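What's in my_file16.txt: compact mmCIF, C-alpha atoms and all ligand atoms
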# COMPACT_ATOMS: atom_id res chain seq x y z
CA MET S 1189 12.98 8.38 -20.30
CA VAL S 1190 10.94 11.03 -18.51
CA ASN S 1191 7.20 10.98 -18.89
CA LYS S 1192 5.52 14.30 -19.42
CA VAL S 1193 2.44 14.48 -17.19
CA ILE S 1194 1.30 18.04 -17.92
CA GLU S 1195 1.94 20.40 -20.76
CA VAL S 1196 0.42 23.88 -20.83
CA LYS S 1197 0.92 25.97 -23.97
CA ASN S 1198 -0.19 29.59 -24.44
CA LEU S 1199 -2.90 29.13 -21.84
CA TYR S 1200 -5.30 32.04 -21.30
CA LYS S 1201 -8.26 32.32 -18.97
CA THR S 1202 -10.55 35.32 -19.10
CA TYR S 1203 -13.65 35.75 -16.96
CA PHE S 1204 -16.46 37.48 -18.86
CA MET S 1205 -18.67 39.58 -16.62
CA GLU S 1206 -22.26 40.63 -17.02
CA GLY S 1207 -22.38 44.02 -18.67
CA GLY S 1208 -19.66 43.11 -21.14
CA ASN S 1209 -16.52 43.57 -19.05
CA SER S 1210 -13.86 40.93 -19.47
CA TYR S 1211 -11.25 40.15 -16.86
CA PRO S 1212 -8.10 38.36 -18.04
CA VAL S 1213 -6.69 36.22 -15.18
CA LEU S 1214 -4.20 33.88 -16.88
CA LYS S 1215 -2.17 35.36 -19.70
CA ASP S 1216 -0.03 33.10 -21.85
CA ILE S 1217 1.00 30.49 -19.29
CA ASN S 1218 3.54 27.91 -20.50
CA PHE S 1219 5.13 25.03 -18.61
CA GLN S 1220 5.64 21.30 -18.56
CA ILE S 1221 5.59 18.99 -15.53
CA ASN S 1222 7.17 15.55 -15.66
CA GLU S 1223 6.29 12.39 -13.79
CA GLY S 1224 7.63 12.41 -10.23
CA GLU S 1225 7.99 16.18 -9.89
CA PHE S 1226 6.92 18.05 -6.76
CA VAL S 1227 5.92 21.58 -7.73
CA ALA S 1228 4.73 24.47 -5.58
CA ILE S 1229 2.72 27.27 -7.15
CA MET S 1230 2.97 30.57 -5.31
CA GLY S 1231 1.84 34.11 -5.96
CA PRO S 1232 -0.08 36.93 -4.30
CA SER S 1233 -3.76 36.61 -3.51
CA GLY S 1234 -5.82 37.13 -6.67
CA SER S 1235 -2.91 36.32 -9.02
CA GLY S 1236 -4.75 33.39 -10.59
CA LYS S 1237 -3.41 30.36 -8.68
CA SER S 1238 -6.79 28.75 -8.05
CA THR S 1239 -7.91 29.51 -11.60
CA LEU S 1240 -4.79 27.70 -12.84
CA MET S 1241 -5.33 24.75 -10.48
CA ASN S 1242 -8.97 24.42 -11.50
CA THR S 1243 -7.89 24.36 -15.12
CA LEU S 1244 -5.16 21.77 -14.44
CA GLY S 1245 -7.74 19.77 -12.48
CA CYS S 1246 -10.23 19.86 -15.38
CA LEU S 1247 -12.78 21.61 -13.16
CA ASP S 1248 -12.71 24.61 -15.48
CA LYS S 1249 -11.84 25.12 -19.14
CA PRO S 1250 -9.24 27.56 -20.47
CA THR S 1251 -10.38 30.41 -22.73
CA SER S 1252 -7.62 29.53 -25.19
CA GLY S 1253 -4.39 27.58 -25.39
CA ILE S 1254 -3.55 23.91 -25.14
CA TYR S 1255 -3.59 21.76 -22.03
CA GLN S 1256 -2.39 18.16 -22.20
CA ILE S 1257 -2.35 15.42 -19.56
CA ASP S 1258 -0.40 12.27 -20.44
CA GLU S 1259 -0.18 13.53 -24.05
CA GLN S 1260 -3.98 13.77 -24.31
CA ILE S 1261 -5.31 17.19 -25.26
CA VAL S 1262 -7.88 18.00 -22.59
CA SER S 1263 -8.45 21.66 -23.50
CA SER S 1264 -10.81 20.65 -26.29
CA MET S 1265 -12.66 17.82 -24.48
CA ASN S 1266 -16.38 17.87 -23.70
CA ASP S 1267 -17.77 17.68 -20.15
CA ASP S 1268 -18.15 13.88 -20.15
CA GLN S 1269 -14.59 13.37 -21.31
CA LEU S 1270 -13.36 15.84 -18.70
CA ALA S 1271 -15.24 14.00 -15.96
CA GLU S 1272 -13.53 10.77 -17.00
CA ILE S 1273 -10.07 12.40 -16.98
CA ARG S 1274 -10.79 13.89 -13.54
CA ASN S 1275 -11.81 10.53 -12.16
CA LYS S 1276 -8.97 8.49 -13.66
CA LYS S 1277 -6.00 10.80 -13.76
CA ILE S 1278 -6.41 13.49 -11.10
CA GLY S 1279 -6.66 13.50 -7.33
CA PHE S 1280 -7.73 16.87 -5.96
CA VAL S 1281 -7.09 18.07 -2.39
CA PHE S 1282 -8.79 21.29 -1.24
CA GLN S 1283 -8.14 23.75 1.55
CA GLY S 1284 -11.50 22.98 3.16
CA PHE S 1285 -11.09 19.15 2.88
CA ASN S 1286 -14.51 18.86 1.11
CA LEU S 1287 -15.55 15.63 2.84
CA LEU S 1288 -19.15 14.44 3.03
CA MET S 1289 -19.99 15.01 6.71
CA LYS S 1290 -22.79 12.43 6.90
CA ARG S 1291 -20.64 9.62 5.50
CA THR S 1292 -17.99 7.58 7.31
CA LEU S 1293 -14.33 7.99 6.43
CA LEU S 1294 -14.51 4.67 4.59
CA ASP S 1295 -17.47 5.85 2.49
CA ASN S 1296 -15.77 9.16 1.74
CA VAL S 1297 -12.73 7.39 0.36
CA CYS S 1298 -14.93 4.99 -1.63
CA ILE S 1299 -16.63 7.74 -3.64
CA PRO S 1300 -14.19 7.89 -6.58
CA LEU S 1301 -14.30 4.07 -6.73
CA ILE S 1302 -18.07 4.07 -7.25
CA TYR S 1303 -17.61 6.01 -10.49
CA ALA S 1304 -14.77 3.70 -11.45
CA GLY S 1305 -17.20 0.77 -11.28
CA TYR S 1306 -15.79 -1.48 -8.52
CA ASP S 1307 -18.14 -3.71 -6.51
CA LEU S 1308 -18.77 -2.84 -2.86
CA GLU S 1309 -16.42 -5.44 -1.36
CA GLU S 1310 -13.54 -4.32 -3.57
CA GLN S 1311 -14.31 -0.65 -2.82
CA HIS S 1312 -14.16 -1.27 0.92
CA LYS S 1313 -10.95 -3.27 0.70
CA ARG S 1314 -9.19 -0.60 -1.34
CA ALA S 1315 -10.49 2.27 0.82
CA ARG S 1316 -9.42 0.48 4.02
CA ASP S 1317 -5.92 -0.09 2.59
CA MET S 1318 -5.65 3.56 1.55
CA LEU S 1319 -6.83 4.85 4.93
CA THR S 1320 -4.23 2.57 6.55
CA HIS S 1321 -1.61 4.08 4.23
CA VAL S 1322 -2.41 7.56 5.59
CA LYS S 1323 -2.37 6.14 9.15
CA LEU S 1324 -6.13 6.21 9.70
CA GLY S 1325 -6.72 2.46 9.57
CA ASN S 1326 -8.28 2.50 13.05
CA PHE S 1327 -10.76 5.24 12.20
CA VAL S 1328 -12.56 3.93 9.12
CA ASP S 1329 -16.02 3.92 10.73
CA ARG S 1330 -15.76 7.43 12.20
CA PHE S 1331 -17.43 10.49 10.74
CA PRO S 1332 -15.43 13.58 9.67
CA ASN S 1333 -16.67 15.69 12.63
CA GLN S 1334 -15.25 13.07 15.03
CA ILE S 1335 -11.65 13.58 13.93
CA SER S 1336 -9.22 16.54 13.80
CA GLY S 1337 -8.67 18.84 10.82
CA GLY S 1338 -5.33 17.23 10.03
CA MET S 1339 -6.93 13.79 10.04
CA GLN S 1340 -9.72 15.07 7.78
CA GLN S 1341 -7.13 16.30 5.32
CA ARG S 1342 -5.47 12.86 5.40
CA VAL S 1343 -8.86 11.35 4.52
CA ALA S 1344 -9.11 13.81 1.63
CA ILE S 1345 -5.62 12.78 0.50
CA ALA S 1346 -6.61 9.09 0.72
CA ARG S 1347 -9.67 9.88 -1.41
CA ALA S 1348 -7.45 11.74 -3.91
CA LEU S 1349 -5.11 8.73 -4.16
CA ILE S 1350 -7.67 5.95 -4.33
CA ASN S 1351 -7.88 5.64 -8.12
CA ASN S 1352 -4.09 5.75 -8.42
CA PRO S 1353 -4.14 9.04 -10.35
CA THR S 1354 -1.34 10.34 -12.55
CA LEU S 1355 -1.39 13.66 -10.75
CA ILE S 1356 -2.17 15.04 -7.28
CA LEU S 1357 -3.34 18.67 -7.23
CA ALA S 1358 -3.64 20.44 -3.89
CA ASP S 1359 -4.92 24.03 -3.54
CA GLU S 1360 -3.72 25.50 -0.21
CA PRO S 1361 -4.00 22.07 1.50
CA THR S 1362 -2.57 23.39 4.77
CA GLY S 1363 -4.46 26.69 4.69
CA ASN S 1364 -6.88 25.61 7.44
CA LEU S 1365 -4.32 23.77 9.58
CA ASP S 1366 -1.96 24.79 12.38
CA THR S 1367 1.81 24.61 11.92
CA LYS S 1368 2.35 21.19 13.52
CA THR S 1369 -0.48 19.61 11.52
CA SER S 1370 0.73 21.33 8.34
CA ILE S 1371 4.11 19.66 8.81
CA GLU S 1372 2.41 16.25 9.13
CA ILE S 1373 0.49 16.84 5.91
CA MET S 1374 3.62 18.04 4.08
CA ASP S 1375 5.54 15.00 5.34
CA LEU S 1376 2.78 12.85 3.85
CA PHE S 1377 3.02 14.64 0.48
CA THR S 1378 6.81 14.23 0.61
CA GLU S 1379 6.42 10.49 1.23
CA LEU S 1380 3.92 10.19 -1.64
CA ASN S 1381 6.32 12.06 -3.94
CA LYS S 1382 9.11 9.64 -2.93
CA GLU S 1383 6.76 6.81 -3.93
CA GLY S 1384 6.67 8.43 -7.37
CA LYS S 1385 3.53 10.58 -7.27
CA THR S 1386 3.54 13.81 -9.24
CA ILE S 1387 2.37 16.61 -6.95
CA VAL S 1388 1.37 20.19 -7.72
CA LEU S 1389 0.49 22.27 -4.69
CA VAL S 1390 -0.59 25.88 -4.24
CA THR S 1391 0.53 27.72 -1.13
CA HIS S 1392 1.21 31.27 -0.03
CA GLU S 1393 3.61 30.10 2.70
CA PRO S 1394 7.32 29.86 1.79
CA ASP S 1395 7.83 27.20 4.51
CA ILE S 1396 5.29 24.98 2.78
CA ALA S 1397 6.72 25.67 -0.69
CA ASN S 1398 10.12 24.53 0.64
CA TYR S 1399 8.88 20.95 0.70
CA ALA S 1400 8.62 21.07 -3.09
CA LYS S 1401 11.59 20.91 -5.46
CA ARG S 1402 10.36 23.31 -8.10
CA LEU S 1403 8.55 26.61 -7.73
CA ILE S 1404 6.30 28.33 -10.23
CA TYR S 1405 5.59 31.90 -9.13
CA ILE S 1406 2.54 33.54 -10.72
CA LEU S 1407 2.28 37.32 -10.75
CA ASP S 1408 -0.59 39.15 -12.45
CA GLY S 1409 -1.49 36.03 -14.40
CA VAL S 1410 1.93 35.33 -15.89
CA VAL S 1411 4.74 32.96 -14.86
CA HIS S 1412 7.16 35.28 -13.11
CA TYR S 1413 9.59 32.54 -11.99
CA ASP S 1414 9.90 28.84 -12.76
CA GLY S 1415 12.84 26.97 -11.28
CA PRO S 1416 14.34 25.38 -8.18
CA VAL S 1417 12.74 26.48 -4.89
CA GLU S 1418 16.13 27.38 -3.34
CA GLU S 1419 17.08 29.75 -6.13
CA PHE S 1420 13.86 31.71 -5.80
CA LYS S 1421 14.54 32.29 -2.09
CA GLY S 1422 17.86 33.81 -3.03
CA ARG S 1423 16.16 36.29 -5.35
CA LYS S 1424 13.69 37.60 -2.80
N1 LIG S 1501 -15.58 32.58 -11.43
C1 LIG S 1501 -15.00 33.81 -11.44
N2 LIG S 1501 -15.60 34.84 -12.08
C2 LIG S 1501 -15.01 36.04 -12.12
N3 LIG S 1501 -13.83 36.35 -11.56
C3 LIG S 1501 -13.19 35.36 -10.91
C4 LIG S 1501 -13.74 34.04 -10.82
N4 LIG S 1501 -12.88 33.27 -10.11
C5 LIG S 1501 -11.85 34.07 -9.77
N5 LIG S 1501 -12.04 35.32 -10.26
C6 LIG S 1501 -11.09 36.45 -10.13
O1 LIG S 1501 -9.89 36.09 -10.77
C7 LIG S 1501 -8.77 36.55 -10.01
C8 LIG S 1501 -7.89 35.37 -9.66
O2 LIG S 1501 -8.57 34.55 -8.74
P1 LIG S 1501 -7.95 33.21 -8.17
O3 LIG S 1501 -7.56 32.33 -9.30
O4 LIG S 1501 -8.91 32.67 -7.18
O5 LIG S 1501 -6.63 33.76 -7.45
P2 LIG S 1501 -5.74 33.17 -6.26
O6 LIG S 1501 -6.10 31.73 -6.06
O7 LIG S 1501 -4.33 33.36 -6.73
O8 LIG S 1501 -6.02 34.01 -5.06
C9 LIG S 1501 -9.31 37.26 -8.78
O9 LIG S 1501 -9.30 38.64 -9.01
C10 LIG S 1501 -10.72 36.72 -8.67
O10 LIG S 1501 -11.57 37.69 -8.10
MG MG S 1502 -6.77 30.62 -4.44

The structure given in the file should be rewritten as structure tokens.
Ligand SMILES: Nc1ncnc2c1ncn2[C@@H]1O[C@H](COP(=O)(O)OP(=O)(O)O)[C@@H](O)[C@H]1O
Ligand SMILES: [Mg+2]
Amino acid sequence: MVNKVIEVKNLYKTYFMEGGNSYPVLKDINFQINEGEFVAIMGPSGSGKSTLMNTLGCLDKPTSGIYQIDEQIVSSMNDDQLAEIRNKKIGFVFQGFNLLMKRTLLDNVCIPLIYAGYDLEEQHKRARDMLTHVKLGNFVDRFPNQISGGMQQRVAIARALINNPTLILADEPTGNLDTKTSIEIMDLFTELNKEGKTIVLVTHEPDIANYAKRLIYILDGVVHYDGPVEEFKGRK
């Protein structure tokens, strides 16, 4: 029995500008993602990838259409309900890592646990275990500016994983990293996917998309291709 993690039906997102202009970015997007999938989203710059990711991540609301996570309809939830879904079900990884620079790695990873209501001892234990999982167990008391970019992204991944979310969303996670470090990060995502995590990742690099199994290619706000990564390469 496959569990459906995400379902997007007739999803539209339009930005409304001052002066009355409207700018449709996502136009009738439809797809379903099951538990354990590893999906890359590609498309030219400005095609709506980040808008889609922010919608999937409950950071932004669609203009119309239905968005479900774990069979719950999130497209009609209020801000408090969305915040709860974000905290419990979604781990977000950004291109710029988005760590708090004045906090230790341990404290950075603890942040989602504070909202989840764990006491300090339990927070520290869990964060230490998660940092060890991403091979940073010896660095828990460092600050982000004392470690490399690749290590900072591993901290961000540990933070994304800490509440055991249903879904990991990563928007250009290797965009600020060199090739060797990008491979390390993609190896980590691959390992997490083998452990059963559902991963959706935006990239503009075919080499990065190759780590995924399925590719969704967005062009001008519509799904232009949705299928195995290898078959898309053949079409290009
Ligand atoms: N908050 C916003 N308000 C208005 N326009 C936006 C906003 N965010 C993105 N856009 C526009 O929507 C289009 C898609 O942006 P985005 O989703 O960031 O694309 P991508 O991530 O594929 O490069 C772009 O033309 C961008 O300028
Ligand atoms: Mg983007």

What do you get as a ChimeraX atom specification if you pick all residues at most 10 Å from ligand LIG 1501 (chain S), counting all atoms listed in the file? /S:1201-1206,1210-1214,1229-1243,1248,1359-1360,1390-1392,1406-1409

Work out how far apart CA of Lys1215 (chain S) and CA of Val1411 (chain S) are and give it in Å to one decimal.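 Taking CA of Lys1215 (chain S) as the start and CA of Val1411 (chain S) as the end point, the length is 8.8 Å.
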
Just checking: using only C-alpha atoms and all ligand atoms, which residue out of S:Ile1345, S:Phe1282, S:Asp1295, S:Leu1376 ends up closest to ligand MG 1502 (chain S)?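 Nearest to ligand MG 1502 (chain S): S:Phe1282.
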
Find the residue from S:Ile1302, S:Leu1365, S:Leu1270, S:Leu1199 that sits nearest to Gln1283 (chain S); use only C-alpha atoms when measuring.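 Among the listed residues, the smallest separation from Gln1283 (chain S) belongs to S:Leu1365.
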
Between S:Asp1268, S:Glu1225, S:Asp1216, S:Glu1418, which residue has the minimum interatomic distance to Ser1252 (chain S), considering only C-alpha atoms?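 Using only C-alpha atoms, the shortest distance to Ser1252 (chain S) belongs to S:Asp1216.
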
If you count all atoms listed in the file, the residue of S:Thr1386, S:Asn1381, S:Ala1358, S:Glu1272 closest to ligand MG 1502 (chain S) turns out to be S:Ala1358

Can you tell me which residues surround Leu1301 (chain S) at a distance of at most 10 Å, considering all atoms listed in the file, apart from same-chain residues fewer than 6 positions away, and format the answer as a ChimeraX atom specification? /S:1275-1276,1295,1307-1308,1310-1312,1314-1315,1347,1350-1351

Contact residues around Val1196 (chain S) with only C-alpha atoms at 7 Å, ignoring same-chain residues under 3 positions, as a list in words: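 Once the adjacent positions are removed, what remains is Leu1199, Ile1217, Asn1218, Phe1219, Gln1220, Ile1254, Tyr1255 and Gln1256 of chain S.
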
Output file for the selection above: C-alpha atoms, as an mmCIF file, in the coordinates of the input:
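Once everything was written out, this is again_13.cif:
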data_model
loop_
_atom_site.group_PDB
_atom_site.id
_atom_site.type_symbol
_atom_site.label_atom_id
_atom_site.label_comp_id
_atom_site.auth_asym_id
_atom_site.auth_seq_id
_atom_site.Cartn_x
_atom_site.Cartn_y
_atom_site.Cartn_z
ATOM 1 C CA LEU S 1199 -2.900 29.130 -21.840
ATOM 2 C CA ILE S 1217 1.000 30.490 -19.290
ATOM 3 C CA ASN S 1218 3.540 27.910 -20.500
ATOM 4 C CA PHE S 1219 5.130 25.030 -18.610
ATOM 5 C CA GLN S 1220 5.640 21.300 -18.560
ATOM 6 C CA ILE S 1254 -3.550 23.910 -25.140
ATOM 7 C CA TYR S 1255 -3.590 21.760 -22.030
ATOM 8 C CA GLN S 1256 -2.390 18.160 -22.200
#

Students should find that CA of Ala1346 (chain S) and CA of Val1297 (chain S) are spaced 6.4 Å

Among listed residues S:Asn1222, S:Pro1361, S:Thr1367, S:Ala1271, nearest Asp1395 (chain S) (using all atoms listed in the file):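 Checking each of S:Asn1222, S:Pro1361, S:Thr1367, S:Ala1271 against Asp1395 (chain S), counting all atoms listed in the file, the winner is S:Thr1367.
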
Nearest residue to Gly1245 (chain S) from the set S:Thr1354, S:Thr1362, S:Ser1336, S:Thr1378 (distances using all atoms listed in the file):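 For Gly1245 (chain S), the nearest of the given residues is S:Thr1354.
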
Slice of the block: region 1290-1314 of chain S, N, CA, C and O atoms, as a PDB file, in the first residue's frame:
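Saved file result23.pdb follows:
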ATOM      1  N   LYS S1290      24.313  33.631  15.257  1.00  0.00           N
ATOM      2  CA  LYS S1290      24.756  33.862  16.639  1.00  0.00           C
ATOM      3  C   LYS S1290      24.429  32.697  17.562  1.00  0.00           C
ATOM      4  O   LYS S1290      24.616  32.776  18.777  1.00  0.00           O
ATOM      5  N   ARG S1291      23.889  31.612  16.990  1.00  0.00           N
ATOM      6  CA  ARG S1291      23.583  30.426  17.777  1.00  0.00           C
ATOM      7  C   ARG S1291      24.513  29.290  17.371  1.00  0.00           C
ATOM      8  O   ARG S1291      24.918  29.204  16.217  1.00  0.00           O
ATOM      9  N   THR S1292      24.794  28.400  18.334  1.00  0.00           N
ATOM     10  CA  THR S1292      25.624  27.223  18.026  1.00  0.00           C
ATOM     11  C   THR S1292      24.859  26.293  17.081  1.00  0.00           C
ATOM     12  O   THR S1292      23.643  26.421  16.898  1.00  0.00           O
ATOM     13  N   LEU S1293      25.598  25.331  16.518  1.00  0.00           N
ATOM     14  CA  LEU S1293      24.956  24.350  15.647  1.00  0.00           C
ATOM     15  C   LEU S1293      23.872  23.602  16.423  1.00  0.00           C
ATOM     16  O   LEU S1293      22.783  23.359  15.905  1.00  0.00           O
ATOM     17  N   LEU S1294      24.192  23.254  17.675  1.00  0.00           N
ATOM     18  CA  LEU S1294      23.218  22.534  18.499  1.00  0.00           C
ATOM     19  C   LEU S1294      21.935  23.352  18.635  1.00  0.00           C
ATOM     20  O   LEU S1294      20.826  22.834  18.442  1.00  0.00           O
ATOM     21  N   ASP S1295      22.085  24.648  18.963  1.00  0.00           N
ATOM     22  CA  ASP S1295      20.900  25.500  19.143  1.00  0.00           C
ATOM     23  C   ASP S1295      20.118  25.653  17.840  1.00  0.00           C
ATOM     24  O   ASP S1295      18.880  25.674  17.853  1.00  0.00           O
ATOM     25  N   ASN S1296      20.841  25.754  16.723  1.00  0.00           N
ATOM     26  CA  ASN S1296      20.150  25.866  15.437  1.00  0.00           C
ATOM     27  C   ASN S1296      19.251  24.654  15.185  1.00  0.00           C
ATOM     28  O   ASN S1296      18.117  24.798  14.735  1.00  0.00           O
ATOM     29  N   VAL S1297      19.789  23.481  15.494  1.00  0.00           N
ATOM     30  CA  VAL S1297      19.024  22.261  15.220  1.00  0.00           C
ATOM     31  C   VAL S1297      17.871  22.097  16.216  1.00  0.00           C
ATOM     32  O   VAL S1297      16.847  21.478  15.911  1.00  0.00           O
ATOM     33  N   CYS S1298      18.028  22.709  17.395  1.00  0.00           N
ATOM     34  CA  CYS S1298      16.975  22.622  18.425  1.00  0.00           C
ATOM     35  C   CYS S1298      15.724  23.442  18.083  1.00  0.00           C
ATOM     36  O   CYS S1298      14.646  23.167  18.623  1.00  0.00           O
ATOM     37  N   ILE S1299      15.871  24.450  17.226  1.00  0.00           N
ATOM     38  CA  ILE S1299      14.779  25.413  17.051  1.00  0.00           C
ATOM     39  C   ILE S1299      13.403  24.778  16.768  1.00  0.00           C
ATOM     40  O   ILE S1299      12.433  25.096  17.454  1.00  0.00           O
ATOM     41  N   PRO S1300      13.324  23.842  15.799  1.00  0.00           N
ATOM     42  CA  PRO S1300      11.992  23.262  15.559  1.00  0.00           C
ATOM     43  C   PRO S1300      11.460  22.487  16.768  1.00  0.00           C
ATOM     44  O   PRO S1300      10.248  22.331  16.921  1.00  0.00           O
ATOM     45  N   LEU S1301      12.380  22.012  17.625  1.00  0.00           N
ATOM     46  CA  LEU S1301      11.956  21.236  18.797  1.00  0.00           C
ATOM     47  C   LEU S1301      11.332  22.133  19.868  1.00  0.00           C
ATOM     48  O   LEU S1301      10.484  21.692  20.637  1.00  0.00           O
ATOM     49  N   ILE S1302      11.775  23.388  19.906  1.00  0.00           N
ATOM     50  CA  ILE S1302      11.202  24.329  20.881  1.00  0.00           C
ATOM     51  C   ILE S1302       9.706  24.453  20.621  1.00  0.00           C
ATOM     52  O   ILE S1302       8.888  24.322  21.534  1.00  0.00           O
ATOM     53  N   TYR S1303       9.361  24.640  19.340  1.00  0.00           N
ATOM     54  CA  TYR S1303       7.943  24.787  18.983  1.00  0.00           C
ATOM     55  C   TYR S1303       7.185  23.498  19.222  1.00  0.00           C
ATOM     56  O   TYR S1303       5.992  23.518  19.490  1.00  0.00           O
ATOM     57  N   ALA S1304       7.898  22.373  19.123  1.00  0.00           N
ATOM     58  CA  ALA S1304       7.231  21.089  19.328  1.00  0.00           C
ATOM     59  C   ALA S1304       7.038  20.775  20.815  1.00  0.00           C
ATOM     60  O   ALA S1304       6.374  19.806  21.164  1.00  0.00           O
ATOM     61  N   GLY S1305       7.637  21.595  21.693  1.00  0.00           N
ATOM     62  CA  GLY S1305       7.350  21.494  23.115  1.00  0.00           C
ATOM     63  C   GLY S1305       8.201  20.525  23.923  1.00  0.00           C
ATOM     64  O   GLY S1305       7.797  20.123  25.014  1.00  0.00           O
ATOM     65  N   TYR S1306       9.386  20.160  23.436  1.00  0.00           N
ATOM     66  CA  TYR S1306      10.264  19.277  24.228  1.00  0.00           C
ATOM     67  C   TYR S1306      11.025  20.072  25.293  1.00  0.00           C
ATOM     68  O   TYR S1306      11.335  21.242  25.081  1.00  0.00           O
ATOM     69  N   ASP S1307      11.361  19.429  26.424  1.00  0.00           N
ATOM     70  CA  ASP S1307      12.192  20.141  27.405  1.00  0.00           C
ATOM     71  C   ASP S1307      13.636  20.202  26.904  1.00  0.00           C
ATOM     72  O   ASP S1307      14.019  19.501  25.969  1.00  0.00           O
ATOM     73  N   LEU S1308      14.438  21.069  27.564  1.00  0.00           N
ATOM     74  CA  LEU S1308      15.766  21.398  27.050  1.00  0.00           C
ATOM     75  C   LEU S1308      16.677  20.167  26.927  1.00  0.00           C
ATOM     76  O   LEU S1308      17.390  20.000  25.942  1.00  0.00           O
ATOM     77  N   GLU S1309      16.625  19.295  27.939  1.00  0.00           N
ATOM     78  CA  GLU S1309      17.489  18.112  27.931  1.00  0.00           C
ATOM     79  C   GLU S1309      17.169  17.215  26.732  1.00  0.00           C
ATOM     80  O   GLU S1309      18.058  16.743  26.022  1.00  0.00           O
ATOM     81  N   GLU S1310      15.873  17.021  26.506  1.00  0.00           N
ATOM     82  CA  GLU S1310      15.431  16.184  25.388  1.00  0.00           C
ATOM     83  C   GLU S1310      15.791  16.836  24.046  1.00  0.00           C
ATOM     84  O   GLU S1310      16.232  16.164  23.109  1.00  0.00           O
ATOM     85  N   GLN S1311      15.630  18.178  23.983  1.00  0.00           N
ATOM     86  CA  GLN S1311      16.010  18.908  22.768  1.00  0.00           C
ATOM     87  C   GLN S1311      17.476  18.663  22.434  1.00  0.00           C
ATOM     88  O   GLN S1311      17.830  18.347  21.301  1.00  0.00           O
ATOM     89  N   HIS S1312      18.336  18.832  23.460  1.00  0.00           N
ATOM     90  CA  HIS S1312      19.776  18.700  23.227  1.00  0.00           C
ATOM     91  C   HIS S1312      20.140  17.283  22.810  1.00  0.00           C
ATOM     92  O   HIS S1312      20.967  17.082  21.931  1.00  0.00           O
ATOM     93  N   LYS S1313      19.508  16.309  23.452  1.00  0.00           N
ATOM     94  CA  LYS S1313      19.817  14.918  23.115  1.00  0.00           C
ATOM     95  C   LYS S1313      19.457  14.630  21.660  1.00  0.00           C
ATOM     96  O   LYS S1313      20.246  14.080  20.900  1.00  0.00           O
ATOM     97  N   ARG S1314      18.250  15.042  21.285  1.00  0.00           N
ATOM     98  CA  ARG S1314      17.810  14.787  19.905  1.00  0.00           C
ATOM     99  C   ARG S1314      18.673  15.530  18.894  1.00  0.00           C
ATOM    100  O   ARG S1314      19.019  14.992  17.845  1.00  0.00           O
TER     101      ARG S1314
END
